[in-house]
Structure formats: C-alpha cells, structure tokens
Amino acid sequence: MQAIVSIRNLSKTYAGGFRALKNVSLDIQRGEIIALLGPNGAGKTTLISTICGIVNPSEGEVLVDGKDIIKDFRATRALIGLVPQELTTEAFETVFGTVSFSRGLFGKAPNPAYIEKILKDLSLWDKRDNRIRTLSGGMKRRLLIAKALSHEPSILFLDEPTAGVDVELRKDMWKVVSALRESGVTIILTTHYIEEAEAIADRIGVMTKGELILVEDKAALMHKLGKKQLILDLKHTLETLPATLNEHDLQLSEDGLHLTYTYDTQGERTGITTLLDDLRREGIGFRDLQTTQSSLEEIFVKLVEESR
Amino acid sequence: MNWYAIKAIYHFEMARTRRTLMQSIFAPVISTSLYFVVFGAAIGGRIQQVDGVSYGAFIVPGLIMLSLLTNSISNASFGIYFPKFTGTIYELLSAPISMIEVVMGYVGAAATKSLILGAIILATAGLFVPLEIAHPFIMLFFLVLTAVSFSLFGFIIGVWADNFEKLQLIPLLIVTPLVFLGGSFYSASMLSPFWQTVTMFNPVLYLVSGFRWSFYEIADVSIGVSLTMILLFLTACMAVVWWIFKTGYHIKN
C-alpha cells in the first residue's frame with residue numbers, strides 16, 4: 001500500500017547554519033497514528049513544519065498522497081490539518097468565525113452544518129459565539145484542533161497536543177484522537193509525554209539531534225528493546241547466591257529477600273523453568289513472584305542516551 | 001485560484017474593521033474634520049484663492065490623499081504583521097494558498113477600507129465647502145490606484161517589521177512628512193524656485209497634484225506625469241512583493 005506521507009532524505013539547515021534535520025526518511029501509512037518522540041531541539045517541529053509548508057526544506061523530498069509538497073502544494077496541503085504547539089489564536093474573533101475562516105483558507109465552500117458538528121464533537125458548540133480570548137487553555141487547544149479539522153483533512157499533525165494541559169483533559173484529547181483515527185484520519189503527533197505515545201500510537205519514531213534514529217511498531221519496539229524481569233520474594237534471607245545459580249542472570253537484593261531475574265523476551269526460551277528447578281534443587285523457597293516489563297519511557301531514555 | 005481563501009482573508013480583515021470602527025473610521029473622519037476647521041475655516045478665511053479655487057476647497061483632495069495614504073499603509077501593514085506577531089501566520093503558510101492570493105486578500109481589504117474612508121471624508125468635506133469634481137472617473141481611478149499601491153506598500157512594511165516600533169517607523173517618519181510636504185495644503189507654485197525643485201523629488205506631490213486635477217483641473221505637474229509616477233510606484237511595490245514571495249523574506253524559514 002502506498003504511504004500517505006513519504007519523506008525521503010529530508011534535511012533542513014536554517015539561515016544561521018543550524019542543521020535541524022539530517023537526512024530523515026520515513027513512510028507514514030494511511031490510517032495509522034505515529035508518535036514522534038524526542039528531547040527538545042530534536043527536530044520534531046521542524047519536520048512537521050516542513051511537511052506542512054511552513055519551513056522550506058534544504059534537501060530531500062516529501063510526497064503526500066504521492067504528490068510533491070512543493071510542486072503540488074495546493075493538492076498536498078488540502079489534505080493536511082495542523083495543530084501547532086503554541087496556543088496561537090486570534091483574541092477577538094469568535095469560535096465559529098475562526099473555524100469558518102480556517103475552512104475558507106483551505107479552499108472549502110462554507111458549510112455551517114459541518115462546523116457545527118466539529119464544535120459539538122469537541123465540546124465547543126456552547127462557546128461558538130464567544131470571543132477566543134475568553135476561552136480557557138484547554139478550550140483553546142480544542143479550538144486549534146477544530147480549526148485543523150475544519151477542511152476535512154485526511155492527515156492530521158498534532159504538535160505537542162497535550163503540552164501544559166491537565167491529566168483529565170489529556171485523556172479527553174486521547175479520546176478525540178482515537179475517534180479521529182476511527183474515522184480514517186492519519187495522525188502524526190509529537191509529544192514529550194511517553195505515556196501519551198504508549199497510550200495511543202501504533203508506531204513510534206524517536207528523533208534526536210535532527211535524526212530519526214528509530215521507527216518501530218510500538219508493540220514490537222517494546223518487545224524488542226524492553227527488558228522483562230522476574231522478581232521472587234524469598235521465604236528466608238539469602239546471604240549469597242549459590243554457585244550453581246551463576247549461569248542465570250540473577251541479582252540478590254541487599255536485604256537478601258528478593259531475587260531478580262532478567263531475561264530476553266525474544267529468546268526461544270526464557271529460562272524461567274530451569275531457574276525454578278535450580279532454585280528448588282538448592283532448597284530456596286519463595287513466597288511470591290511477579291514480572292515487570294520496562295516502559296516506553298525507559299526504552300526512549302536508553303535510545304537517546306545511546307545516540308549521544 | 002483559491003477564491004474561498006481570498007474571500008476568507010478579505011472578510012476576516014473587514015470584520016476587524018467593524019470591531020474597531022472607532023479607530024478605523026471615526027478617528028480619521030474626526031481628525032480630517034479638524035483639518036477643515038483649522039485650515040479651511042480659521043486660517044483659510046485669511047488666505048486668498050489658490051489658482052482660482054477657495055482655500056477650503058483646494059485642500060480637500062490633499063486631505064483625502066493624506067487619509068488614504070496613511071490608512072492604506074496602516075491597514076495593510078497591521079493586517080499582515082499581526083498574524084506574524086501572534087503566530088497565527090502558520091495557518092496562512094500551511095494552507096493551499098499562494099502568496100499572490102494572500103496579498104489579494106490583505107491588500108484588497110486594506111484598499112477597500114481606505115476607499116470607504118476616502119468616500120466618507122469626501123462627504124464630510126461637502127459639509128464644509130462646496131465641492132465640484134470635474135473628472136469623477138479619473139478621480140475614482142486615482143483613488144483606487146493610490147489605495148492599492150499604498151496598501152501594497154503597507155503590506156511590504158508589515159512583512160519587513162519585526163516589532164511594533166518598526167511598524168510605525170516608516171509611516172510616521174517618512175510617509176507623513178512626505179504627504180505634508182507634497183502639496184496637500186499648498187500649491188508648489190507658492191514655493192520659492194529652490195523648494196519647488198526639491199518638491200519635485202517628493203513622489204506624493206504627483207499623487208496630490210493628479211488627484212486635485214481631477215477635481216478642479218489645476219495641477220503642479222501634468223496629469224500624465226502624475227499617472228506615470230503612481231504606476232511606477234505600483235510596479236515597484238509589486239516587484240518588492242514578488243521578491244518577498246520568492247525568498248520568503250521575514251515570512252518563511
């Protein structure tokens with residue numbers, strides 16, 4: 001299936017000489033949610049801005065639905081909606097007015113019924129006649145989404161959509177994003193909140209220093225790079241590990257009451273059965289056991305640190 | 001051509017005028033009325049006719065030009081500067097709209113506002129002095145051409161400015177003196193030969209002179225020269241706007 005967004009060897013060097021993007025290539029599939037993670041200054045916003053036409057690329061090409069974003073800018077931009085990172089809105093315009101303005105900018109005939117639907121979906125209908133300056137931060141964020149959706153785009157870029165919003169609103173926003181995906185919209189979001197990517201993304205891209213260092217299916221990424229650990233709560237304190245257990249990757253806690261076994265999730269065998277047999281042979285009993293898996297956050301931190 | 005986008009920008013800008021009616025329309029009308037009271041009634045009564053026209057009537061074209069120029073510049077410069085200042089310019093840059101269409105929206109709205117203002121000032125002037133317009137179509141042509149040219153000039157200033165001080169710099173320090181010294185309140189023939197020569201370097205003189213000719217058939221320079229000068233100015237502004245689009249100067253990285 002043809003990618004809806006295809007980025008090839010994209011680089012961006014700003015006038016001051018700062019290289020914000022270095023040879024980035026990425027295919028984004030129709031209907032997926034891809035989250036771009038990265039520390040500040042990683043190039044996430046520059047990448048989005050370049051695809052949307054706000055920043056001129058220095059090298060490389062971007063195709064949207066098979067069309068070049070520069071040569072066919074009208075066709076490609078008509079497919080894209082952008083929710084910027086900053087709460088950049090007019091202060092004195094009304095909610096309905098500004099969403100209608102956005103629709104017009106994107107070359108669509110007025111459609112009050114559609115605008116009404118978006119505003120209702122985003123719980124902004126009651127505020128339709130309010131001036132934007134009277135809205136709360138969360139409402140302004142939703143308004144930016146409404147503006148981005150006003151022209152019925154098939155690709156939506158969300159640049160830090162939940163930056164600075166409270167937990168409840170963040171979760172509401174995730175519901176909105178999930179509902180959009182259900183309706184067939186392809187979503188590309190950048191975020192600092194790894195929890196966010198973990199909750200809603202299908203694929204994860206990790207950027208640092210202008211490079212896309214990894215793109216992976218979320219589940220596969222966590223499976224591949226995530227560590228799994230088995231923690232055993234021992235019945236009796238153990239002072240040292242018997243030599244017969246040395247072949248296992250075991251760690252004894254300082255109080256001698258917990259054994260932690262780290263194993264490879266991708267290996268053919270986890271080695272758990274052998275370990276439990278060996279423990280029984282050594283007469284080491286345990287009260288309880290639990291397994292833990294490293295979070296996306298730990299994977300992300302590890303990847304970024306490795307690239308430094 | 002993305003007509004819906006042009007219409008959206010145009011309506012957005014016109015809506016801004018409606019929201020700021022006092023500042024956009026009433027303030028210039030009041031200040032122009034004050035000019036009539038001071039120069040027309042108070043001082044004008046002591047000045048003889050200029051080229052056969054009463055002084056009060058003589059200054060009408062100059063006063064309209066003064067408002068038209070300053071408002072065209074301020075409307076268009078503020079129109080494009082404000083999205084840059086607030087950051088909402090991202091919408092213009094990411095929309096399927098060419099820069100020509102952006103200019104048509106902003107300059108069209110700025111010129112429309114100036115023309116409305118010019119018409120109101122003309123009507124206001126009619127309350128103070130008897131008006132006659134010898135060549136109404138040429139007068140209208142001059143009005144439209146000047147409004148469009150100086151709105152384009154204002155658009156360039158709005159793109160160039162990166163703070164509010166710069167936004168006011170050229171209108172206050174260059175345009176206003178040029179308008180005052182461009183024969184708005186006097187005929188160049190009233191000056192000494194040296195200052196007459198200096199005045200010929202003032203582009204606004206050609207506008208005021210041509211515009212006044214359309215009213216009373218009196219002019220400091222011929223109507224053909226006036227038209228040529230305003231068309232040259234329009235061409236220069238269009239060339240600069242074209243260069244801004246080509247380079248993305250102060251708009252796009």
# chains A, B, ... in the order shown; residues from 1 in each chain; ligands from 1
>>> interface_residues(of="chain B", to="chain A", cutoff="10 Å", atoms="only C-alpha atoms", output="JSON, numbers by chain")
{"B": [1, 2, 3, 4, 5, 6, 7, 8, 9, 11, 12, 15, 16, 19, 82, 83, 85, 86, 87, 88, 89, 90, 91, 92, 93, 94, 95, 96, 97, 98, 102, 248, 251, 252, 253]}
>>> write_last_selection(atoms="N, CA and C atoms", output="CSV table (one decimal), in the first residue's frame")
chain,number,residue,atom,x,y,z
B,1,MET,N,-6.9,29.3,-8.8
B,1,MET,CA,-7.1,30.4,-7.8
B,1,MET,C,-8.0,29.9,-6.7
B,2,ASN,N,-7.5,30.1,-5.4
B,2,ASN,CA,-8.3,29.7,-4.2
B,2,ASN,C,-9.1,30.9,-3.8
B,3,TRP,N,-10.3,31.1,-4.5
B,3,TRP,CA,-11.1,32.2,-4.2
B,3,TRP,C,-11.7,32.2,-2.8
B,4,TYR,N,-12.0,31.0,-2.3
B,4,TYR,CA,-12.5,30.9,-0.9
B,4,TYR,C,-11.5,31.5,0.1
B,5,ALA,N,-10.2,31.2,-0.2
B,5,ALA,CA,-9.2,31.7,0.8
B,5,ALA,C,-9.1,33.2,0.7
B,6,ILE,N,-9.2,33.8,-0.5
B,6,ILE,CA,-9.1,35.2,-0.7
B,6,ILE,C,-10.3,35.9,0.0
B,7,LYS,N,-11.4,35.3,-0.2
B,7,LYS,CA,-12.7,35.8,0.5
B,7,LYS,C,-12.6,35.7,2.0
B,8,ALA,N,-12.0,34.6,2.5
B,8,ALA,CA,-11.9,34.4,3.9
B,8,ALA,C,-11.0,35.5,4.5
B,9,ILE,N,-9.8,35.7,3.9
B,9,ILE,CA,-8.9,36.8,4.4
B,9,ILE,C,-9.6,38.1,4.3
B,11,HIS,N,-12.8,38.9,4.3
B,11,HIS,CA,-13.9,39.1,5.3
B,11,HIS,C,-13.3,39.2,6.7
B,12,PHE,N,-12.2,38.4,6.9
B,12,PHE,CA,-11.6,38.5,8.3
B,12,PHE,C,-11.1,39.9,8.5
B,15,ALA,N,-14.0,42.3,9.0
B,15,ALA,CA,-14.6,42.1,10.3
B,15,ALA,C,-13.8,42.8,11.4
B,16,ARG,N,-12.4,42.8,11.2
B,16,ARG,CA,-11.6,43.5,12.2
B,16,ARG,C,-11.9,45.0,12.1
B,19,ARG,N,-15.0,45.7,14.0
B,19,ARG,CA,-14.8,45.6,15.5
B,19,ARG,C,-14.1,46.8,16.0
B,82,PHE,N,0.2,41.4,12.2
B,82,PHE,CA,-0.5,40.8,13.4
B,82,PHE,C,-0.4,39.3,13.4
B,83,PRO,N,-0.7,38.6,12.3
B,83,PRO,CA,-0.5,37.1,12.3
B,83,PRO,C,0.9,36.7,12.6
B,85,PHE,N,2.9,38.4,14.5
B,85,PHE,CA,3.2,38.7,15.9
B,85,PHE,C,2.5,37.7,16.8
B,86,THR,N,1.3,37.3,16.4
B,86,THR,CA,0.6,36.3,17.3
B,86,THR,C,1.0,34.9,17.0
B,87,GLY,N,1.6,34.6,15.8
B,87,GLY,CA,1.9,33.3,15.4
B,87,GLY,C,0.9,32.6,14.5
B,88,THR,N,-0.2,33.3,14.3
B,88,THR,CA,-1.3,32.6,13.5
B,88,THR,C,-0.9,32.5,12.0
B,89,ILE,N,0.2,33.1,11.7
B,89,ILE,CA,0.6,33.0,10.3
B,89,ILE,C,0.9,31.6,9.8
B,90,TYR,N,1.0,30.7,10.8
B,90,TYR,CA,1.2,29.3,10.5
B,90,TYR,C,0.1,28.8,9.6
B,91,GLU,N,-1.1,29.4,9.8
B,91,GLU,CA,-2.3,28.9,9.1
B,91,GLU,C,-2.2,29.3,7.6
B,92,LEU,N,-1.7,30.6,7.4
B,92,LEU,CA,-1.6,31.1,6.0
B,92,LEU,C,-0.5,30.2,5.3
B,93,LEU,N,0.6,29.9,6.0
B,93,LEU,CA,1.7,29.2,5.4
B,93,LEU,C,1.4,27.8,5.1
B,94,SER,N,0.5,27.2,5.9
B,94,SER,CA,0.2,25.8,5.7
B,94,SER,C,-1.1,25.5,4.9
B,95,ALA,N,-1.7,26.6,4.5
B,95,ALA,CA,-2.9,26.5,3.7
B,95,ALA,C,-2.6,26.4,2.2
B,96,PRO,N,-3.5,25.8,1.4
B,96,PRO,CA,-3.2,25.6,-0.1
B,96,PRO,C,-3.5,27.0,-0.8
B,97,ILE,N,-2.7,27.9,-0.5
B,97,ILE,CA,-2.9,29.3,-1.0
B,97,ILE,C,-1.6,29.9,-1.4
B,98,SER,N,-1.6,30.5,-2.5
B,98,SER,CA,-0.3,31.1,-3.0
B,98,SER,C,-0.2,32.5,-2.3
B,102,VAL,N,-2.7,35.6,-0.9
B,102,VAL,CA,-2.6,36.2,0.4
B,102,VAL,C,-2.7,37.7,0.2
B,248,GLY,N,10.7,34.3,0.6
B,248,GLY,CA,10.1,34.0,1.8
B,248,GLY,C,10.6,35.0,2.9
B,251,ILE,N,9.0,35.9,6.3
B,251,ILE,CA,7.7,35.1,6.5
B,251,ILE,C,8.0,33.6,6.7
B,252,LYS,N,8.9,33.1,5.9
B,252,LYS,CA,9.1,31.7,5.9
B,252,LYS,C,10.6,31.4,6.1
B,253,ASN,N,10.9,30.4,6.9
B,253,ASN,CA,12.3,30.0,7.1
B,253,ASN,C,12.8,29.1,5.9
>>> residues_around(residues="Val103 of chain B", least_positions_apart="4", cutoff="9 Å", atoms="only C-alpha atoms", output="list of chain:residue names")
B:Ile6, B:Ser98, B:Met99, B:Val107, B:Gly108, B:Leu152, B:Phe155, B:Val241
>>> select_by_dssp(residues="segment 2-90 of chain A", states="strand (DSSP E or B)", output="VMD selection string")
chain A and resid 5 to 13 19 to 28 33 to 37 59 to 64 67 to 68 80 to 83
>>> atom_distance(atom1="atom CA of Ala163 of chain A", atom2="atom CA of Arg30 of chain A")
25.6 Å
>>> residues_around(residues="Leu205 of chain B", least_positions_apart="2", cutoff="10 Å", atoms="only C-alpha atoms", output="PyMOL selection string")
chain B and resi 62+178-184+187-188+199-203+207-211+219-221+226+229
>>> closest_residue(among="B:Tyr55, B:Trp213, B:Trp160, B:Phe36", to="Gly126 of chain B", atoms="only C-alpha atoms")
B:Phe36
>>> closest_residue(among="A:Thr186, A:Asn111, A:Asn130, A:Ser123", to="Ile28 of chain A", atoms="only C-alpha atoms")
A:Thr186
>>> atom_distance(atom1="atom CA of Trp242 of chain B", atom2="atom CA of Ile70 of chain A")
17.6 Å
>>> atom_distance(atom1="atom CA of Leu144 of chain A", atom2="atom CA of Ile4 of chain A")
23.0 Å
>>> residues_around(residues="Leu158 of chain A", least_positions_apart="3", cutoff="10 Å", atoms="only C-alpha atoms", output="PyMOL selection string")
chain A and resi 35+45+48+81-85+144-145+148+155+161-162+177+187-191
>>> select_by_dssp(residues="segment 63-220 of chain A", states="helix (DSSP H, G or I)", output="tab-separated table (two decimals) with N, CA and C atoms, in the first residue's frame")
chain	number	residue	atom	x	y	z
A	73	PHE	N	1.71	21.90	-4.12
A	73	PHE	CA	1.41	22.34	-2.74
A	73	PHE	C	-0.09	22.49	-2.48
A	74	ARG	N	-0.84	22.85	-3.51
A	74	ARG	CA	-2.29	23.02	-3.27
A	74	ARG	C	-2.95	21.69	-2.95
A	75	ALA	N	-2.60	20.68	-3.73
A	75	ALA	CA	-3.22	19.36	-3.53
A	75	ALA	C	-2.77	18.75	-2.21
A	76	THR	N	-1.49	18.89	-1.89
A	76	THR	CA	-0.98	18.22	-0.68
A	76	THR	C	-1.45	18.93	0.59
A	77	ARG	N	-1.40	20.26	0.58
A	77	ARG	CA	-1.80	20.99	1.80
A	77	ARG	C	-3.29	20.84	2.09
A	78	ALA	N	-4.08	20.66	1.01
A	78	ALA	CA	-5.53	20.49	1.22
A	78	ALA	C	-5.83	19.23	2.02
A	95	VAL	N	-15.41	31.90	18.16
A	95	VAL	CA	-15.05	30.50	17.92
A	95	VAL	C	-15.56	30.05	16.55
A	96	PHE	N	-16.83	30.30	16.27
A	96	PHE	CA	-17.41	29.88	14.99
A	96	PHE	C	-16.72	30.60	13.83
A	97	GLY	N	-16.45	31.88	14.04
A	97	GLY	CA	-15.83	32.70	12.99
A	97	GLY	C	-14.45	32.19	12.61
A	98	THR	N	-13.66	31.86	13.62
A	98	THR	CA	-12.27	31.47	13.32
A	98	THR	C	-12.21	30.10	12.66
A	99	VAL	N	-13.13	29.19	13.04
A	99	VAL	CA	-13.14	27.86	12.41
A	99	VAL	C	-13.62	28.00	10.95
A	100	SER	N	-14.60	28.86	10.73
A	100	SER	CA	-15.08	29.11	9.36
A	100	SER	C	-13.97	29.73	8.52
A	101	PHE	N	-13.20	30.64	9.13
A	101	PHE	CA	-12.08	31.28	8.44
A	101	PHE	C	-11.07	30.22	7.97
A	102	SER	N	-10.76	29.28	8.87
A	102	SER	CA	-9.79	28.23	8.53
A	102	SER	C	-10.29	27.39	7.35
A	103	ARG	N	-11.57	27.08	7.37
A	103	ARG	CA	-12.15	26.28	6.27
A	103	ARG	C	-12.00	27.03	4.94
A	104	GLY	N	-12.29	28.32	4.98
A	104	GLY	CA	-12.16	29.13	3.76
A	104	GLY	C	-10.73	29.16	3.27
A	105	LEU	N	-9.78	29.32	4.20
A	105	LEU	CA	-8.37	29.38	3.81
A	105	LEU	C	-7.95	28.13	3.03
A	112	PRO	N	-21.78	25.46	7.35
A	112	PRO	CA	-22.06	25.67	8.78
A	112	PRO	C	-22.43	24.38	9.51
A	113	ALA	N	-23.10	23.45	8.81
A	113	ALA	CA	-23.50	22.19	9.46
A	113	ALA	C	-22.27	21.39	9.87
A	114	TYR	N	-21.25	21.37	9.02
A	114	TYR	CA	-20.03	20.62	9.34
A	114	TYR	C	-19.27	21.29	10.50
A	115	ILE	N	-19.22	22.62	10.46
A	115	ILE	CA	-18.54	23.34	11.54
A	115	ILE	C	-19.25	23.06	12.87
A	116	GLU	N	-20.59	23.03	12.79
A	116	GLU	CA	-21.38	22.73	14.00
A	116	GLU	C	-21.02	21.35	14.54
A	117	LYS	N	-20.87	20.39	13.63
A	117	LYS	CA	-20.55	19.02	14.05
A	117	LYS	C	-19.18	18.98	14.74
A	118	ILE	N	-18.20	19.64	14.14
A	118	ILE	CA	-16.85	19.63	14.75
A	118	ILE	C	-16.91	20.25	16.14
A	119	LEU	N	-17.58	21.41	16.22
A	119	LEU	CA	-17.62	22.11	17.51
A	119	LEU	C	-18.36	21.28	18.55
A	120	LYS	N	-19.38	20.56	18.11
A	120	LYS	CA	-20.09	19.70	19.07
A	120	LYS	C	-19.20	18.53	19.49
A	121	ASP	N	-18.51	17.94	18.52
A	121	ASP	CA	-17.61	16.82	18.84
A	121	ASP	C	-16.53	17.23	19.84
A	125	TRP	N	-19.45	23.78	21.10
A	125	TRP	CA	-20.64	24.38	20.47
A	125	TRP	C	-21.25	25.48	21.34
A	126	ASP	N	-21.24	25.22	22.66
A	126	ASP	CA	-21.82	26.23	23.57
A	126	ASP	C	-21.04	27.54	23.54
A	127	LYS	N	-19.80	27.44	23.10
A	127	LYS	CA	-18.93	28.63	23.10
A	127	LYS	C	-18.81	29.26	21.72
A	132	ILE	N	-12.43	34.37	21.39
A	132	ILE	CA	-11.42	33.36	21.73
A	132	ILE	C	-10.70	33.69	23.03
A	133	ARG	N	-10.50	34.96	23.28
A	133	ARG	CA	-9.74	35.36	24.48
A	133	ARG	C	-10.46	34.95	25.78
A	134	THR	N	-11.76	34.66	25.67
A	134	THR	CA	-12.50	34.29	26.89
A	134	THR	C	-12.40	32.79	27.18
A	137	GLY	N	-7.42	27.58	28.56
A	137	GLY	CA	-6.32	26.98	27.79
A	137	GLY	C	-6.74	25.68	27.10
A	138	GLY	N	-7.49	24.86	27.84
A	138	GLY	CA	-7.92	23.59	27.28
A	138	GLY	C	-8.88	23.79	26.11
A	139	MET	N	-9.76	24.77	26.24
A	139	MET	CA	-10.71	25.07	25.16
A	139	MET	C	-9.97	25.59	23.93
A	140	LYS	N	-8.96	26.42	24.18
A	140	LYS	CA	-8.18	26.94	23.05
A	140	LYS	C	-7.49	25.80	22.32
A	141	ARG	N	-7.00	24.84	23.09
A	141	ARG	CA	-6.34	23.69	22.48
A	141	ARG	C	-7.34	22.93	21.61
A	142	ARG	N	-8.55	22.74	22.12
A	142	ARG	CA	-9.58	22.05	21.34
A	142	ARG	C	-9.99	22.87	20.11
A	143	LEU	N	-9.98	24.19	20.29
A	143	LEU	CA	-10.33	25.07	19.18
A	143	LEU	C	-9.30	24.91	18.04
A	144	LEU	N	-8.02	24.80	18.42
A	144	LEU	CA	-6.99	24.61	17.40
A	144	LEU	C	-7.21	23.31	16.64
A	145	ILE	N	-7.69	22.30	17.35
A	145	ILE	CA	-7.99	21.03	16.67
A	145	ILE	C	-9.18	21.25	15.73
A	146	ALA	N	-10.18	21.99	16.21
A	146	ALA	CA	-11.36	22.26	15.36
A	146	ALA	C	-10.95	23.01	14.10
A	147	LYS	N	-10.05	23.98	14.25
A	147	LYS	CA	-9.58	24.74	13.08
A	147	LYS	C	-8.85	23.80	12.10
A	148	ALA	N	-8.04	22.91	12.67
A	148	ALA	CA	-7.27	21.99	11.83
A	148	ALA	C	-8.18	21.00	11.11
A	149	LEU	N	-9.34	20.71	11.70
A	149	LEU	CA	-10.26	19.74	11.10
A	149	LEU	C	-11.30	20.40	10.19
A	167	VAL	N	-4.27	16.31	33.45
A	167	VAL	CA	-4.36	14.89	33.13
A	167	VAL	C	-5.72	14.53	32.54
A	168	GLU	N	-6.78	15.11	33.14
A	168	GLU	CA	-8.13	14.80	32.68
A	168	GLU	C	-8.34	15.22	31.22
A	169	LEU	N	-7.89	16.44	30.93
A	169	LEU	CA	-8.04	16.96	29.58
A	169	LEU	C	-7.17	16.17	28.60
A	170	ARG	N	-6.00	15.76	29.08
A	170	ARG	CA	-5.12	14.97	28.23
A	170	ARG	C	-5.82	13.68	27.80
A	171	LYS	N	-6.48	13.08	28.75
A	171	LYS	CA	-7.17	11.82	28.42
A	171	LYS	C	-8.36	12.08	27.49
A	172	ASP	N	-9.03	13.21	27.68
A	172	ASP	CA	-10.11	13.59	26.76
A	172	ASP	C	-9.56	13.74	25.34
A	173	MET	N	-8.38	14.37	25.29
A	173	MET	CA	-7.73	14.60	23.99
A	173	MET	C	-7.39	13.27	23.31
A	174	TRP	N	-6.95	12.32	24.10
A	174	TRP	CA	-6.63	10.99	23.54
A	174	TRP	C	-7.88	10.37	22.94
A	175	LYS	N	-9.02	10.59	23.62
A	175	LYS	CA	-10.27	10.05	23.09
A	175	LYS	C	-10.59	10.69	21.74
A	176	VAL	N	-10.37	12.02	21.67
A	176	VAL	CA	-10.63	12.74	20.42
A	176	VAL	C	-9.75	12.17	19.31
A	177	VAL	N	-8.47	11.98	19.63
A	177	VAL	CA	-7.51	11.46	18.64
A	177	VAL	C	-7.93	10.06	18.18
A	178	SER	N	-8.30	9.24	19.15
A	178	SER	CA	-8.70	7.87	18.80
A	178	SER	C	-9.95	7.89	17.91
A	179	ALA	N	-10.89	8.79	18.23
A	179	ALA	CA	-12.11	8.89	17.42
A	179	ALA	C	-11.77	9.34	16.00
A	180	LEU	N	-10.80	10.22	15.88
A	180	LEU	CA	-10.39	10.69	14.55
A	180	LEU	C	-9.80	9.55	13.74
A	181	ARG	N	-8.99	8.76	14.40
A	181	ARG	CA	-8.40	7.61	13.72
A	181	ARG	C	-9.48	6.64	13.24
A	182	GLU	N	-10.47	6.47	14.09
A	182	GLU	CA	-11.60	5.59	13.72
A	182	GLU	C	-12.26	6.09	12.43
A	194	ILE	N	5.69	10.33	27.05
A	194	ILE	CA	5.87	8.99	26.52
A	194	ILE	C	4.63	8.15	26.82
A	195	GLU	N	4.01	8.47	27.94
A	195	GLU	CA	2.76	7.82	28.33
A	195	GLU	C	1.71	8.01	27.22
A	196	GLU	N	1.76	9.20	26.61
A	196	GLU	CA	0.81	9.51	25.55
A	196	GLU	C	1.04	8.62	24.33
A	197	ALA	N	2.31	8.52	23.94
A	197	ALA	CA	2.65	7.68	22.79
A	197	ALA	C	2.28	6.22	23.09
A	198	GLU	N	2.56	5.82	24.32
A	198	GLU	CA	2.28	4.45	24.73
A	198	GLU	C	0.77	4.18	24.66
A	199	ALA	N	-0.01	5.20	25.01
A	199	ALA	CA	-1.46	5.02	25.09
A	199	ALA	C	-2.15	4.99	23.73
A	200	ILE	N	-1.67	5.83	22.78
A	200	ILE	CA	-2.49	5.96	21.56
A	200	ILE	C	-1.78	5.63	20.25
A	218	LYS	N	4.89	0.03	17.86
A	218	LYS	CA	5.01	0.22	19.32
A	218	LYS	C	5.17	-1.11	20.07
A	219	ALA	N	4.33	-2.05	19.74
A	219	ALA	CA	4.39	-3.33	20.46
A	219	ALA	C	5.72	-4.02	20.19
A	220	ALA	N	6.17	-3.97	18.91
A	220	ALA	CA	7.43	-4.63	18.55
A	220	ALA	C	8.60	-3.95	19.24
>>> closest_residue(among="A:Leu250, A:Val215, A:Val301, A:Leu47", to="Lys22 of chain A", atoms="only C-alpha atoms")
A:Leu47
>>> residues_around(residues="Val50 of chain B", least_positions_apart="3", cutoff="10 Å", atoms="only C-alpha atoms", output="MDAnalysis selection string")
chainID B and resid 47 53:59 186:187 189:190 218
>>> write_last_selection(atoms="N, CA and C atoms", output="tab-separated table (two decimals), in the first residue's frame")
chain	number	residue	atom	x	y	z
B	47	ILE	N	-6.66	83.36	3.70
B	47	ILE	CA	-5.84	83.09	2.53
B	47	ILE	C	-6.67	83.31	1.28
B	53	VAL	N	-9.37	78.68	-6.87
B	53	VAL	CA	-10.20	77.82	-6.02
B	53	VAL	C	-10.07	78.30	-4.57
B	54	SER	N	-11.20	78.31	-3.84
B	54	SER	CA	-11.12	78.74	-2.43
B	54	SER	C	-10.20	77.79	-1.67
B	55	TYR	N	-9.52	78.34	-0.66
B	55	TYR	CA	-8.52	77.53	0.04
B	55	TYR	C	-9.15	76.28	0.68
B	56	GLY	N	-10.33	76.46	1.25
B	56	GLY	CA	-11.04	75.32	1.86
B	56	GLY	C	-11.26	74.20	0.87
B	57	ALA	N	-11.69	74.57	-0.35
B	57	ALA	CA	-11.93	73.55	-1.37
B	57	ALA	C	-10.59	73.00	-1.90
B	58	PHE	N	-9.59	73.88	-1.97
B	58	PHE	CA	-8.29	73.48	-2.51
B	58	PHE	C	-7.66	72.32	-1.71
B	59	ILE	N	-7.85	72.36	-0.40
B	59	ILE	CA	-7.17	71.34	0.43
B	59	ILE	C	-7.93	70.00	0.47
B	186	TYR	N	-0.87	73.22	0.02
B	186	TYR	CA	-0.43	74.37	-0.78
B	186	TYR	C	-0.12	73.92	-2.20
B	187	SER	N	0.02	74.91	-3.06
B	187	SER	CA	0.42	74.61	-4.43
B	187	SER	C	1.94	74.78	-4.49
B	189	SER	N	3.58	75.98	-6.70
B	189	SER	CA	3.91	77.28	-7.30
B	189	SER	C	4.03	78.37	-6.24
B	190	MET	N	3.53	78.11	-5.02
B	190	MET	CA	3.62	79.10	-3.94
B	190	MET	C	5.01	79.10	-3.31
B	218	ILE	N	-6.67	71.88	-11.92
B	218	ILE	CA	-5.44	72.63	-11.63
B	218	ILE	C	-4.42	71.63	-11.08
